[in-house]
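Student: Provided herewith is a single structure, encoded as structure tokens, for subsequent inquiry.
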Amino acid sequence: MKPITAIIESPKLSGQKYDYDKELGLFKLKKILPAGMVFPYDFGFIPGTLGEDGDPLDIIVISEFQSFTGCVMDCRIIGAIKANQTEKDGRKMRNDRFLGIPLVSVWFKDVTDPDQLPEEIIDQLQAFFKNYNEQAGKKFDPFEVISAAAAMKMINP
């Protein structure tokens with residue numbers, strides 16, 4: 001499978017959420033997470049894509065290291081967490097989280113599918129995004145974990 005490019009907005013273990021500001025061409029601090037809450041892995045987006053929320057598709061990059069805001073890395077997609085999200089105003093949309101592994105990862109070099117990860121990683125990711133959205137007055141409802149091939153079809157329809 002062809003690698004994709006991921007751009008990191010909020011690094012692993014960050015207690016801050018950053019967003020890429022297209023007009024400025026820079027990353028802007030969006031919010032501070034509640035005390036004790038941090039991103040479990042690097043979180044960012046897949047450039048050149050567009051999700052139902054109007055932003056590029058979200059990616060969580062699972063690796064043994066922490067990168068930095070603005071880091072660009074080549075990843076292989078191993079799957080996705082399909083999810084519905086309800087906004088504060090009641091509007092509903094899909095807001096999936098694609099799962100990537102950096103091509104340079106040593107610990108996860110053989111992982112090609114979500115089923116190869118410890119079950120706790122997927123469970124913790126789902127719990128994190130539920131809690132993260134709840135703090136913002138939104139509801140995140142994951143309903144399926146899909147394979148790499150199915151995820152790639154969603155990225156490149």
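Residue numbering restarts at 1 for every chain of the structure tokens, chains are lettered A, B, ... in their displayed order, and ligands are numbered from 1 as they appear.
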Near Ile78 in chain A, within 12 Å and counting only C-alpha atoms, which residues show up once chain neighbours fewer than 3 positions away are dropped, as a VMD selection string?
Tutor: chain A and resid 1 to 4 59 to 62 75 81 97 to 103 108 to 117 145 to 152
Student: I need the residues of range 2-47 of chain A that end up classed as strand (DSSP E) by DSSP on the backbone, written out as a list in words.
Tutor: Ile4, Thr5, Ala6, Ile7, Ile8, Glu9, Ser10, Gln16, Lys17, Tyr18, Asp19, Tyr20, Asp21, Leu26, Phe27, Lys28, Leu29, Lys30, Lys31, Ile32, Asp42, Phe43, Gly44, Phe45 and Ile46 of chain A
Student: May I have the residues within 10 Å of Phe65 in chain A as a short mmCIF file (atom, residue, chain, number, x, y, z; two decimals) with N, CA and C atoms, in the first residue's frame, using only C-alpha atoms and disregarding those fewer than 3 positions away in the same chain?
Tutor:
```
data_model
loop_
_atom_site.label_atom_id
_atom_site.label_comp_id
_atom_site.auth_asym_id
_atom_site.auth_seq_id
_atom_site.Cartn_x
_atom_site.Cartn_y
_atom_site.Cartn_z
N PRO A 11 1.14 17.01 19.32
CA PRO A 11 2.02 15.87 19.56
C PRO A 11 1.55 14.96 20.69
N LYS A 12 2.05 13.76 20.66
CA LYS A 12 1.85 12.79 21.73
C LYS A 12 2.23 13.44 23.06
N TYR A 41 -1.21 9.79 21.40
CA TYR A 41 -0.26 9.66 20.29
C TYR A 41 -0.32 10.96 19.49
N ASP A 42 0.62 11.11 18.56
CA ASP A 42 0.59 12.28 17.69
C ASP A 42 -0.74 12.32 16.93
N VAL A 61 -1.34 9.04 14.84
CA VAL A 61 -0.13 8.36 14.41
C VAL A 61 0.45 7.60 15.61
N ILE A 62 0.37 6.29 15.54
CA ILE A 62 0.77 5.41 16.63
C ILE A 62 2.24 5.07 16.47
N PRO A 102 4.17 5.53 11.47
CA PRO A 102 5.26 6.13 10.69
C PRO A 102 6.12 5.05 10.04
N SER A 105 8.99 3.87 12.18
CA SER A 105 8.77 3.22 13.48
C SER A 105 9.49 1.87 13.54
N VAL A 106 10.10 1.62 14.68
CA VAL A 106 10.76 0.34 14.90
C VAL A 106 9.81 -0.60 15.65
N TRP A 107 9.19 -0.10 16.72
CA TRP A 107 8.32 -0.94 17.53
C TRP A 107 7.10 -1.45 16.78
#
```
Student: As a list in words, please: every residue in range 31-128 of chain A that DSSP puts in alpha helix (DSSP H).
Tutor: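 Taking range 31-128 of chain A and keeping alpha helix (DSSP H) gives Glu119, Glu120, Ile121, Ile122, Asp123, Gln124, Leu125, Gln126, Ala127 and Phe128 of chain A.
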Student: Just to be explicit: take each residue in the selection above, keep N, CA and C atoms, and write the result as a compact mmCIF listing (two decimals), in the first residue's frame.
Tutor:
```txt
# COMPACT_ATOMS: atom_id res chain seq x y z
N GLU A 119 -5.31 -4.74 22.08
CA GLU A 119 -6.69 -4.27 22.14
C GLU A 119 -6.82 -2.98 22.95
N GLU A 120 -5.96 -2.85 23.97
CA GLU A 120 -6.02 -1.67 24.85
C GLU A 120 -5.75 -0.37 24.08
N ILE A 121 -4.94 -0.43 23.04
CA ILE A 121 -4.64 0.80 22.29
C ILE A 121 -5.90 1.34 21.63
N ILE A 122 -6.65 0.49 20.96
CA ILE A 122 -7.89 0.94 20.30
C ILE A 122 -8.90 1.38 21.35
N ASP A 123 -9.04 0.61 22.43
CA ASP A 123 -9.97 0.98 23.50
C ASP A 123 -9.62 2.35 24.09
N GLN A 124 -8.33 2.58 24.34
CA GLN A 124 -7.90 3.85 24.91
C GLN A 124 -8.09 5.01 23.95
N LEU A 125 -7.85 4.77 22.66
CA LEU A 125 -8.08 5.82 21.67
C LEU A 125 -9.56 6.21 21.62
N GLN A 126 -10.43 5.22 21.61
CA GLN A 126 -11.86 5.51 21.58
C GLN A 126 -12.28 6.26 22.84
N ALA A 127 -11.79 5.85 23.99
CA ALA A 127 -12.12 6.54 25.24
C ALA A 127 -11.58 7.96 25.24
N PHE A 128 -10.36 8.15 24.74
CA PHE A 128 -9.80 9.49 24.68
C PHE A 128 -10.68 10.42 23.83
```
Student: For CA of Thr5 in chain A and CA of Thr86 in chain A, quote the distance in Å rounded to one decimal.
Tutor: 27.9 Å
Student: Distance CA of Phe143 in chain A-CA of Ala6 in chain A, one decimal place?
Tutor: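 CA of Ala6 in chain A lies 23.7 Å from CA of Phe143 in chain A.
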Student: Measure the distance from CA of Gly15 in chain A to CA of Lys31 in chain A in Å and round it to one decimal.
Tutor: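 Computing the Euclidean distance for CA of Gly15 in chain A and CA of Lys31 in chain A yields 8.8 Å.
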Student: Nearest residue to Glu134 in chain A out of A:Glu9, A:Ile155, A:Asp53, A:Gln85, using only C-alpha atoms?
Tutor: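 Closest candidate: A:Gln85.
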Student: Just checking: using only C-alpha atoms, which residue out of A:Ile77, A:Phe27, A:Glu144, A:Leu13 ends up closest to Glu64 in chain A?
Tutor: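 Of A:Ile77, A:Phe27, A:Glu144, A:Leu13, the one nearest Glu64 in chain A is A:Leu13, counting only C-alpha atoms.
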Student: Counting only C-alpha atoms, which of A:Ala136, A:Val72, A:Leu26, A:Leu50 gets nearest to Lys88 in chain A?
Tutor: A:Ala136
